[in-house]
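The next block is start-v1.tsv, given as TSV, C-alpha atoms and all ligand atoms.
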chain	number	residue	atom	x	y	z
T	1	MET	CA	6.81	13.51	11.05
T	2	ILE	CA	7.24	9.75	11.14
T	3	VAL	CA	4.85	8.08	13.60
T	4	THR	CA	4.01	4.47	14.35
T	5	THR	CA	1.55	2.62	12.19
T	6	ALA	CA	-0.35	1.80	15.38
T	7	GLN	CA	-0.89	5.52	16.05
T	8	LEU	CA	-2.34	5.99	12.58
T	9	PHE	CA	-4.59	2.95	12.94
T	10	LYS	CA	-5.89	4.08	16.32
T	11	HIS	CA	-7.06	7.36	14.85
T	12	ALA	CA	-8.48	5.87	11.64
T	13	TYR	CA	-10.18	2.69	12.81
T	14	GLY	CA	-13.82	2.46	11.75
T	15	LYS	CA	-13.82	6.02	10.36
T	16	TYR	CA	-11.48	6.04	7.38
T	17	ALA	CA	-8.69	4.06	5.75
T	18	VAL	CA	-5.08	5.18	5.64
T	19	GLY	CA	-3.70	5.06	2.09
T	20	ALA	CA	-0.57	2.91	1.80
T	21	TYR	CA	1.43	3.90	-1.25
T	22	ASN	CA	4.60	2.23	-2.56
T	23	ILE	CA	7.64	4.21	-3.59
T	24	ASN	CA	10.68	3.30	-5.67
T	25	ASN	CA	12.20	6.68	-6.47
T	26	ALA	CA	12.37	10.37	-5.62
T	27	GLU	CA	9.64	11.39	-8.08
T	28	GLN	CA	7.10	9.06	-6.49
T	29	ALA	CA	8.08	10.34	-3.05
T	30	MET	CA	7.69	13.98	-4.12
T	31	GLY	CA	4.28	13.34	-5.66
T	32	LEU	CA	3.13	11.35	-2.63
T	33	PHE	CA	4.15	13.98	-0.07
T	34	LYS	CA	2.76	16.84	-2.17
T	35	GLY	CA	-0.54	15.02	-2.59
T	36	ALA	CA	-0.72	14.26	1.12
T	37	ILE	CA	-0.23	17.93	1.99
T	38	ALA	CA	-2.73	19.08	-0.64
T	39	SER	CA	-5.34	16.73	0.83
T	40	GLN	CA	-4.23	17.16	4.47
T	41	ALA	CA	-4.10	13.39	4.91
T	42	PRO	CA	-1.91	11.04	6.93
T	43	PHE	CA	-0.49	8.13	4.93
T	44	ILE	CA	1.75	5.08	4.97
T	45	ILE	CA	4.77	4.94	2.70
T	46	GLN	CA	5.56	1.37	1.67
T	47	ILE	CA	8.79	-0.15	0.49
T	48	SER	CA	8.69	-3.59	-1.13
T	49	LYS	CA	11.55	-6.06	-1.37
T	50	GLY	CA	11.79	-5.19	-5.06
T	51	ALA	CA	11.98	-1.48	-4.27
T	52	ARG	CA	14.77	-2.09	-1.75
T	53	LYS	CA	16.75	-3.83	-4.49
T	54	TYR	CA	15.87	-1.40	-7.31
T	55	THR	CA	18.40	1.22	-6.27
T	56	ASP	CA	19.38	0.47	-2.71
T	57	LYS	CA	17.38	0.33	0.50
T	58	LYS	CA	19.60	3.12	1.91
T	59	MET	CA	18.72	5.34	-1.04
T	60	LEU	CA	14.99	4.96	-0.37
T	61	GLU	CA	15.44	5.58	3.34
T	62	ALA	CA	17.42	8.75	2.56
T	63	ILE	CA	14.70	9.93	0.15
T	64	ILE	CA	12.05	9.42	2.84
T	65	ARG	CA	14.13	11.23	5.49
T	66	ALA	CA	14.65	14.13	3.07
T	67	ALA	CA	10.96	14.23	2.19
T	68	ALA	CA	10.08	14.39	5.89
T	69	GLU	CA	12.29	17.48	6.14
T	70	ILE	CA	10.93	19.09	2.97
T	71	PHE	CA	7.33	18.47	4.10
T	72	PRO	CA	7.46	18.90	7.90
T	73	ASP	CA	3.67	18.96	8.19
T	74	CYS	CA	3.23	15.46	6.81
T	75	ILE	CA	2.36	12.72	9.28
T	76	PHE	CA	3.18	9.24	8.04
T	77	ALA	CA	4.47	5.77	8.87
T	78	VAL	CA	7.11	3.73	7.04
T	79	HIS	CA	6.20	0.13	6.23
T	80	LEU	CA	7.86	-2.90	4.64
T	81	ASP	CA	5.46	-4.32	2.04
T	82	HIS	CA	5.31	-8.12	1.49
T	83	GLY	CA	8.39	-9.01	3.50
T	84	ASP	CA	9.89	-12.44	3.99
T	85	GLU	CA	11.33	-13.34	7.39
T	86	GLU	CA	14.87	-12.24	6.61
T	87	THR	CA	13.81	-8.88	5.15
T	88	CYS	CA	11.53	-8.26	8.15
T	89	TYR	CA	14.45	-8.76	10.53
T	90	ASP	CA	16.63	-6.45	8.45
T	91	CYS	CA	13.96	-3.73	8.62
T	92	ILE	CA	13.26	-4.28	12.32
T	93	ASP	CA	16.98	-4.03	13.12
T	94	SER	CA	17.44	-0.94	10.94
T	95	GLY	CA	15.39	1.14	13.37
T	96	PHE	CA	13.84	3.07	10.45
T	97	TYR	CA	10.57	1.24	9.86
T	98	SER	CA	7.32	1.84	11.77
T	99	SER	CA	5.97	-1.58	10.81
T	100	VAL	CA	6.72	-4.62	8.70
T	101	MET	CA	4.56	-7.02	6.76
T	102	ILE	CA	5.44	-10.68	7.00
T	103	ASP	CA	3.78	-12.40	4.09
T	104	ALA	CA	3.70	-16.13	4.72
T	105	SER	CA	0.21	-16.44	3.29
T	106	HIS	CA	1.41	-18.97	0.74
T	107	ASP	CA	2.41	-21.35	3.52
T	108	PRO	CA	-0.02	-23.67	5.32
T	109	PHE	CA	-1.85	-22.15	8.33
T	110	GLU	CA	0.45	-23.58	11.04
T	111	LYS	CA	3.61	-22.55	9.24
T	112	ASN	CA	2.18	-19.06	8.57
T	113	VAL	CA	1.41	-18.74	12.31
T	114	ALA	CA	4.89	-19.93	13.33
T	115	ILE	CA	6.75	-17.59	10.97
T	116	THR	CA	4.52	-14.62	11.86
T	117	LYS	CA	4.95	-15.28	15.59
T	118	ARG	CA	8.74	-15.29	15.29
T	119	VAL	CA	8.56	-11.92	13.48
T	120	THR	CA	6.09	-10.37	15.95
T	121	ASP	CA	8.27	-11.44	18.91
T	122	ARG	CA	11.28	-9.71	17.42
T	123	ALA	CA	9.34	-6.65	16.18
T	124	HIS	CA	7.41	-6.06	19.40
T	125	ALA	CA	10.66	-6.11	21.39
T	126	LYS	CA	11.57	-2.98	19.41
T	127	GLY	CA	8.14	-1.33	19.45
T	128	ILE	CA	7.46	-2.12	15.79
T	129	SER	CA	4.12	-3.50	14.66
T	130	VAL	CA	3.50	-6.38	12.29
T	131	GLU	CA	1.03	-6.89	9.47
T	132	ALA	CA	0.43	-10.51	8.50
T	133	GLU	CA	-1.62	-12.07	5.72
T	134	LEU	CA	-4.12	-14.88	5.75
T	135	GLY	CA	-5.86	-16.12	2.64
T	136	MET	CA	-4.49	-15.72	-0.85
T	137	LEU	CA	-4.91	-12.84	-3.26
T	138	GLY	CA	-4.70	-13.52	-6.97
T	139	GLY	CA	-2.24	-11.70	-9.22
T	140	VAL	CA	1.47	-11.07	-9.29
T	141	GLU	CA	3.60	-10.09	-6.33
T	142	GLU	CA	7.22	-9.66	-7.29
T	143	ASP	CA	8.44	-13.29	-7.35
T	144	ILE	CA	5.12	-15.05	-6.65
T	145	LYS	CA	2.30	-15.48	-9.15
T	146	VAL	CA	-1.06	-16.74	-7.85
T	147	GLU	CA	-3.46	-17.89	-10.56
T	148	ALA	CA	-7.03	-16.62	-10.07
T	149	GLY	CA	-8.27	-20.18	-9.45
T	150	ASN	CA	-5.78	-20.65	-6.60
T	151	ALA	CA	-6.64	-17.41	-4.84
T	152	CYS	CA	-8.79	-18.04	-1.75
T	153	LEU	CA	-10.72	-15.74	0.49
T	154	THR	CA	-9.83	-15.41	4.16
T	155	ASP	CA	-11.82	-17.68	6.43
T	156	PRO	CA	-13.24	-15.55	9.31
T	157	ALA	CA	-12.87	-18.29	11.96
T	158	GLU	CA	-9.28	-18.93	10.88
T	159	ALA	CA	-8.61	-15.18	10.97
T	160	GLU	CA	-9.63	-15.00	14.64
T	161	LYS	CA	-7.46	-17.99	15.51
T	162	PHE	CA	-4.54	-16.67	13.46
T	163	VAL	CA	-4.50	-13.28	15.18
T	164	LYS	CA	-4.58	-14.89	18.65
T	165	LEU	CA	-1.80	-17.36	17.86
T	166	SER	CA	0.50	-15.08	15.88
T	167	ALA	CA	0.05	-11.88	17.95
T	168	CYS	CA	0.11	-9.82	14.74
T	169	ASP	CA	-1.10	-6.21	14.93
T	170	SER	CA	-3.04	-6.04	11.68
T	171	LEU	CA	-4.22	-8.59	9.17
T	172	ALA	CA	-4.26	-8.48	5.39
T	173	CYS	CA	-7.38	-10.35	4.32
T	174	ALA	CA	-8.25	-11.73	0.92
T	175	ILE	CA	-11.72	-10.32	0.16
T	176	GLY	CA	-11.74	-10.55	-3.61
T	177	THR	CA	-8.97	-8.23	-4.75
T	178	SER	CA	-5.72	-9.15	-6.46
T	179	HIS	CA	-2.48	-7.38	-7.27
T	180	GLY	CA	-1.85	-5.69	-10.58
T	181	ALA	CA	-4.08	-4.25	-13.31
T	182	PHE	CA	-6.24	-7.28	-14.10
T	183	LYS	CA	-8.28	-7.91	-10.98
T	184	PHE	CA	-11.72	-8.90	-12.18
T	185	LYS	CA	-13.27	-10.51	-15.23
T	186	GLY	CA	-16.95	-9.78	-14.63
T	187	LYS	CA	-18.71	-7.41	-12.27
T	188	GLN	CA	-16.28	-6.07	-9.74
T	189	SER	CA	-17.12	-6.10	-6.06
T	190	LEU	CA	-15.47	-6.73	-2.73
T	191	HIS	CA	-16.74	-9.60	-0.59
T	192	PHE	CA	-18.38	-7.44	2.07
T	193	ASP	CA	-20.07	-10.54	3.53
T	194	VAL	CA	-16.67	-12.05	4.36
T	195	LEU	CA	-15.38	-8.72	5.67
T	196	GLN	CA	-18.40	-8.34	7.93
T	197	LYS	CA	-17.79	-11.80	9.42
T	198	ILE	CA	-14.09	-11.09	9.98
T	199	LYS	CA	-14.95	-7.81	11.73
T	200	ALA	CA	-17.48	-9.58	13.94
T	201	ARG	CA	-14.78	-12.01	15.08
T	202	LEU	CA	-12.07	-9.35	15.40
T	203	PRO	CA	-13.82	-6.20	16.61
T	204	GLY	CA	-11.52	-3.18	16.75
T	205	PHE	CA	-8.71	-5.03	15.01
T	206	PRO	CA	-7.17	-3.24	11.99
T	207	LEU	CA	-7.65	-5.08	8.70
T	208	VAL	CA	-5.67	-4.41	5.54
T	209	MET	CA	-6.77	-4.55	1.93
T	210	HIS	CA	-4.08	-5.30	-0.64
T	211	GLY	CA	-4.59	-5.09	-4.38
T	212	SER	CA	-6.77	-1.99	-4.05
T	213	SER	CA	-5.87	-0.08	-7.20
T	214	SER	CA	-8.87	1.09	-9.19
T	215	VAL	CA	-7.15	0.87	-12.59
T	216	PRO	CA	-8.94	3.95	-14.03
T	217	GLN	CA	-10.18	3.08	-17.50
T	218	ASP	CA	-9.56	6.61	-18.82
T	219	GLU	CA	-5.94	6.25	-17.72
T	220	VAL	CA	-5.63	2.91	-19.53
T	221	ALA	CA	-7.28	4.39	-22.65
T	222	ARG	CA	-4.76	7.26	-22.68
T	223	ILE	CA	-1.86	4.82	-22.26
T	224	ASN	CA	-3.14	2.70	-25.15
T	225	ALA	CA	-3.73	5.78	-27.33
T	226	ALA	CA	-0.08	6.66	-26.74
T	227	GLY	CA	1.24	3.28	-27.87
T	228	GLY	CA	0.48	1.07	-24.85
T	229	LYS	CA	-1.12	-2.35	-25.08
T	230	ILE	CA	-3.02	-2.93	-21.84
T	231	ALA	CA	-6.11	-5.03	-22.52
T	232	GLY	CA	-8.79	-6.37	-20.20
T	233	SER	CA	-7.69	-4.42	-17.15
T	234	MET	CA	-10.13	-3.89	-14.28
T	235	GLY	CA	-9.71	-2.56	-10.75
T	236	VAL	CA	-11.53	-2.02	-7.46
T	237	ASP	CA	-14.55	0.28	-7.43
T	238	VAL	CA	-13.34	3.40	-5.57
T	239	ASN	CA	-16.78	3.80	-4.02
T	240	GLU	CA	-16.14	0.61	-2.05
T	241	TYR	CA	-13.11	2.02	-0.16
T	242	LEU	CA	-15.08	3.89	2.46
T	243	PRO	CA	-17.67	1.14	3.14
T	244	ALA	CA	-14.71	-1.24	3.62
T	245	ALA	CA	-13.09	1.24	6.01
T	246	LYS	CA	-16.27	1.34	8.12
T	247	LEU	CA	-15.93	-2.46	8.41
T	248	GLY	CA	-12.45	-2.28	9.89
T	249	VAL	CA	-10.24	-1.95	6.81
T	250	THR	CA	-7.79	0.60	8.17
T	251	LYS	CA	-5.04	0.38	5.52
T	252	ILE	CA	-5.66	0.31	1.78
T	253	ASN	CA	-2.71	-0.55	-0.48
T	254	ILE	CA	-2.46	1.22	-3.83
T	255	ASP	CA	0.54	0.80	-6.13
T	256	THR	CA	-0.52	-0.21	-9.65
T	257	ASP	CA	-2.54	3.01	-10.15
T	258	GLY	CA	0.60	5.06	-9.52
T	259	ARG	CA	2.47	3.03	-12.13
T	260	LEU	CA	-0.34	3.77	-14.58
T	261	VAL	CA	0.00	7.52	-13.92
T	262	TRP	CA	3.75	7.20	-14.61
T	263	THR	CA	3.20	5.23	-17.81
T	264	ARG	CA	0.53	7.60	-19.13
T	265	VAL	CA	2.62	10.71	-18.46
T	266	HIS	CA	5.77	9.32	-20.03
T	267	ARG	CA	4.12	7.67	-23.04
T	268	GLU	CA	2.19	10.86	-23.88
T	269	PHE	CA	5.21	13.07	-23.32
T	270	PHE	CA	7.56	11.18	-25.60
T	271	ARG	CA	4.82	10.58	-28.20
T	272	ASP	CA	4.22	14.32	-28.39
T	273	LYS	CA	7.89	15.30	-28.20
T	274	PRO	CA	9.76	12.60	-30.10
T	275	GLY	CA	12.93	14.70	-30.23
T	276	GLU	CA	13.10	15.13	-26.43
T	277	PHE	CA	15.57	13.22	-24.30
T	278	ASP	CA	15.65	15.19	-21.06
T	279	PHE	CA	13.78	13.12	-18.50
T	280	ARG	CA	13.16	16.03	-16.15
T	281	PRO	CA	10.23	17.65	-17.98
T	282	PRO	CA	8.12	14.45	-17.91
T	283	GLY	CA	9.40	13.78	-14.40
T	284	LYS	CA	8.02	17.12	-13.28
T	285	ILE	CA	4.68	16.43	-14.95
T	286	PHE	CA	4.58	13.02	-13.24
T	287	ILE	CA	5.18	14.55	-9.80
T	288	GLU	CA	2.26	16.95	-10.27
T	289	GLU	CA	-0.04	14.30	-11.75
T	290	TYR	CA	0.84	11.79	-9.03
T	291	ALA	CA	0.21	14.42	-6.35
T	292	LYS	CA	-3.26	15.02	-7.83
T	293	PHE	CA	-3.90	11.27	-7.92
T	294	ILE	CA	-2.85	10.81	-4.27
T	295	ALA	CA	-5.04	13.70	-3.14
T	296	SER	CA	-8.02	12.27	-5.04
T	297	ARG	CA	-7.52	8.84	-3.48
T	298	ASN	CA	-7.21	10.26	0.02
T	299	VAL	CA	-10.60	11.94	-0.45
T	300	LEU	CA	-12.13	8.58	-1.41
T	301	LEU	CA	-10.44	6.79	1.52
T	302	GLY	CA	-11.79	9.39	3.94
T	303	SER	CA	-8.26	10.25	5.13
T	304	ALA	CA	-8.34	13.73	3.55
T	305	ASN	CA	-8.57	16.57	6.08
T	306	GLN	CA	-7.78	14.28	9.03
T	307	LEU	CA	-4.32	15.75	9.65
T	308	ALA	CA	-5.30	18.49	12.12
T	309	ASP	CA	-7.39	16.15	14.28
T	310	LEU	CA	-4.68	13.49	14.17
T	311	ARG	CA	-2.06	16.03	15.24
T	312	THR	CA	-4.22	17.09	18.19
T	313	SER	CA	-4.82	13.49	19.22
T	314	LEU	CA	-1.06	12.80	19.05
T	315	GLY	CA	-0.45	15.88	21.22
T	316	LYS	CA	1.94	17.38	18.59
N	1	LIG	O1	2.05	-5.89	-3.92
N	1	LIG	C1	3.04	-5.52	-4.54
N	1	LIG	C2	3.31	-4.09	-4.73
N	1	LIG	O2	2.58	-3.57	-5.82
N	1	LIG	C3	4.77	-3.85	-4.87
N	1	LIG	O3	5.22	-4.31	-6.10
N	1	LIG	O4	6.96	-5.95	-5.39
N	1	LIG	O5	6.90	-5.01	-7.74
N	1	LIG	O6	7.59	-3.57	-5.81
N	1	LIG	P1	6.77	-4.75	-6.27
N	2	LIG	P1	-2.31	-2.91	-6.42
N	2	LIG	O1	-1.56	-3.79	-7.36
N	2	LIG	O2	-3.79	-3.08	-6.59
N	2	LIG	O3	-1.92	-1.49	-6.50
N	2	LIG	O4	-1.98	-3.41	-4.93
N	2	LIG	C1	-0.83	-2.92	-4.27
N	2	LIG	C2	-0.52	-3.72	-3.04
N	2	LIG	O5	-1.29	-4.49	-2.54
N	2	LIG	C3	0.80	-3.48	-2.44
N	2	LIG	O6	1.03	-4.34	-1.37
N	3	ZN	ZN	0.09	-6.26	-1.62
As structure tokens, how would this structure be written, given the file I've shared?
Amino acid sequence: MIVTTAQLFKHAYGKYAVGAYNINNAEQAMGLFKGAIASQAPFIIQISKGARKYTDKKMLEAIIRAAAEIFPDCIFAVHLDHGDEETCYDCIDSGFYSSVMIDASHDPFEKNVAITKRVTDRAHAKGISVEAELGMLGGVEEDIKVEAGNACLTDPAEAEKFVKLSACDSLACAIGTSHGAFKFKGKQSLHFDVLQKIKARLPGFPLVMHGSSSVPQDEVARINAAGGKIAGSMGVDVNEYLPAAKLGVTKINIDTDGRLVWTRVHREFFRDKPGEFDFRPPGKIFIEEYAKFIASRNVLLGSANQLADLRTSLGK
């Protein structure tokens, strides 16, 4: 069942974080829905601009509609990840998305507010909610690369002002994470001090944490043992998900970790079976492994076993 992102946030706020997972193909969708059922967790399925271009946005929408039929007990929202203004309007007008993210975080404050406000006006008219971003994460996001030195944490006073002026429904904050597999150089930790200050200024307001993959080192070791060359990778400490959720982080974005599962499964499979060229056997292994990964993350986010209570609160 597709619900609004706002409904998911209302149930989760302050108690747990909803996992937001990106999909690009049918295998990822199957693994995600299977894992969500196994862990009895609500979730957000995210489509990035790159994913919409990879096959075709209509293909992804059809996969999601089919998955909703195959897994009727799943409760989830559909979200545009890192949209620009034009893509947000396309998604808002499509009638398929529960929420969109307008990412104008690379623009100066006033311009970010103006762009976000235009998107919220158009989205709210159709009952769709808007995630905006303030502050700058490091790492790579499709066509934008932010060097670590240029990344900057969200200013709590600016966050309060930004939410008032832009009328956004949730805010992605930079609290020390970055996109991709190379997040930290030294000791890894979220900036809970900044998060605490943002929560104090925006009580009850859903915050979003991007760049939340944990980059499991055993996964990286297996990839490298099977011919990969991933060096110096480091992710978010999974034990920091739930403390962040208690401080208002209601949506936690995880994509890179899923790509690592895919890479590990396929590298190991073709290393061990060099004569194989049917992609379905590794595809099947990936679906099962990704389902296990999703279920494990939902436990850490606190969203596992929330489905029954959510269903009751939605009156379904
Ligand atoms: O934050 C970016 C997400 O990991 C999506 O990545 O833009 O390559 O699809 P993508
Ligand atoms: P990761 O690269 O840490 O998985 O972050 C994903 C993300 O923020 C998607 O918007
Ligand atoms: Zn992101």
Exercise answer, 6 Å around ligand LIG 2 (chain N) with only C-alpha atoms and all ligand atoms, as a ChimeraX atom specification: /T:81,179-180,210-213,253-257
Contacts of ligand ZN 3 (chain N), 12 Å or closer, all atoms listed in the file, given as an NGL selection string: :T and (20-22 or 46-49 or 79-83 or 101-103 or 105 or 131-133 or 136-142 or 144 or 171-174 or 177-180 or 208-213 or 251-256)
Could you dump the residues just selected with C-alpha atoms as a short mmCIF file (atom, residue, chain, number, x, y, z; two decimals), keeping the file's coordinate frame?
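Contents of again_9.cif, as written:
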data_model
loop_
_atom_site.label_atom_id
_atom_site.label_comp_id
_atom_site.auth_asym_id
_atom_site.auth_seq_id
_atom_site.Cartn_x
_atom_site.Cartn_y
_atom_site.Cartn_z
CA ALA T 20 -0.57 2.91 1.80
CA TYR T 21 1.43 3.90 -1.25
CA ASN T 22 4.60 2.23 -2.56
CA GLN T 46 5.56 1.37 1.67
CA ILE T 47 8.79 -0.15 0.49
CA SER T 48 8.69 -3.59 -1.13
CA LYS T 49 11.55 -6.06 -1.37
CA HIS T 79 6.20 0.13 6.23
CA LEU T 80 7.86 -2.90 4.64
CA ASP T 81 5.46 -4.32 2.04
CA HIS T 82 5.31 -8.12 1.49
CA GLY T 83 8.39 -9.01 3.50
CA MET T 101 4.56 -7.02 6.76
CA ILE T 102 5.44 -10.68 7.00
CA ASP T 103 3.78 -12.40 4.09
CA SER T 105 0.21 -16.44 3.29
CA GLU T 131 1.03 -6.89 9.47
CA ALA T 132 0.43 -10.51 8.50
CA GLU T 133 -1.62 -12.07 5.72
CA MET T 136 -4.49 -15.72 -0.85
CA LEU T 137 -4.91 -12.84 -3.26
CA GLY T 138 -4.70 -13.52 -6.97
CA GLY T 139 -2.24 -11.70 -9.22
CA VAL T 140 1.47 -11.07 -9.29
CA GLU T 141 3.60 -10.09 -6.33
CA GLU T 142 7.22 -9.66 -7.29
CA ILE T 144 5.12 -15.05 -6.65
CA LEU T 171 -4.22 -8.59 9.17
CA ALA T 172 -4.26 -8.48 5.39
CA CYS T 173 -7.38 -10.35 4.32
CA ALA T 174 -8.25 -11.73 0.92
CA THR T 177 -8.97 -8.23 -4.75
CA SER T 178 -5.72 -9.15 -6.46
CA HIS T 179 -2.48 -7.38 -7.27
CA GLY T 180 -1.85 -5.69 -10.58
CA VAL T 208 -5.67 -4.41 5.54
CA MET T 209 -6.77 -4.55 1.93
CA HIS T 210 -4.08 -5.30 -0.64
CA GLY T 211 -4.59 -5.09 -4.38
CA SER T 212 -6.77 -1.99 -4.05
CA SER T 213 -5.87 -0.08 -7.20
CA LYS T 251 -5.04 0.38 5.52
CA ILE T 252 -5.66 0.31 1.78
CA ASN T 253 -2.71 -0.55 -0.48
CA ILE T 254 -2.46 1.22 -3.83
CA ASP T 255 0.54 0.80 -6.13
CA THR T 256 -0.52 -0.21 -9.65
#
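Distance annotation: of T:Thr55, T:Gln40, T:Thr120, T:Thr5, the residue with the minimal separation from ligand LIG 1 (chain N) is T:Thr55; atom set is all atoms listed in the file.
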Please enclose the listed atoms of ligand LIG 1 (chain N) in an axis-aligned box, pad each side by 3 Å, and write out the centre and the three edge lengths in Å, rounded to one decimal, as AutoDock Vina command-line options.
--center_x 4.8 --center_y -4.8 --center_z -5.8 --size_x 11.5 --size_y 8.4 --size_z 9.8
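With all atoms listed in the file as the atoms that count, the minimum distance from ligand LIG 1 (chain N) to the choices T:Gly258, T:Gly135, T:Pro281, T:Gly127 is reached by T:Gly258.
Comparing T:Leu301, T:Ala157, T:Ala36, T:Ala51 by their smallest distance to ligand LIG 1 (chain N), the closest is T:Ala51 (using only C-alpha atoms and all ligand atoms).
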Within 8 Å of segment 295-300 of chain T using only C-alpha atoms, minus same-chain residues under 3 positions, as a ChimeraX atom specification: /T:18-19,35-36,38-39,41,238-239,241-242,291-292,303-304
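Separating atom CA of His191 of chain T from atom CA of Pro243 of chain T is a distance of 11.4 Å.
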One-decimal distance in Å that lies between atom CA of Pro42 of chain T and atom CA of Ala159 of chain T: 27.4 Å
Using only C-alpha atoms: which of T:Val220, T:Ala12, T:Ile2, T:Val78 has the shortest distance to Ala245 of chain T: T:Ala12
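In this comparison, which uses only C-alpha atoms and all ligand atoms, the residue of T:Asn25, T:Thr312, T:Ser98, T:Asn112 approaching ligand LIG 1 (chain N) most closely is T:Asn25.
Restricting the calculation to only C-alpha atoms and all ligand atoms, the smallest distance between ligand LIG 1 (chain N) and any of T:Ile23, T:Ala6, T:Val163, T:Ile285 is found for T:Ile23.
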One-decimal distance in Å that lies between atom CA of Tyr290 of chain T and atom CA of Val261 of chain T: 6.5 Å
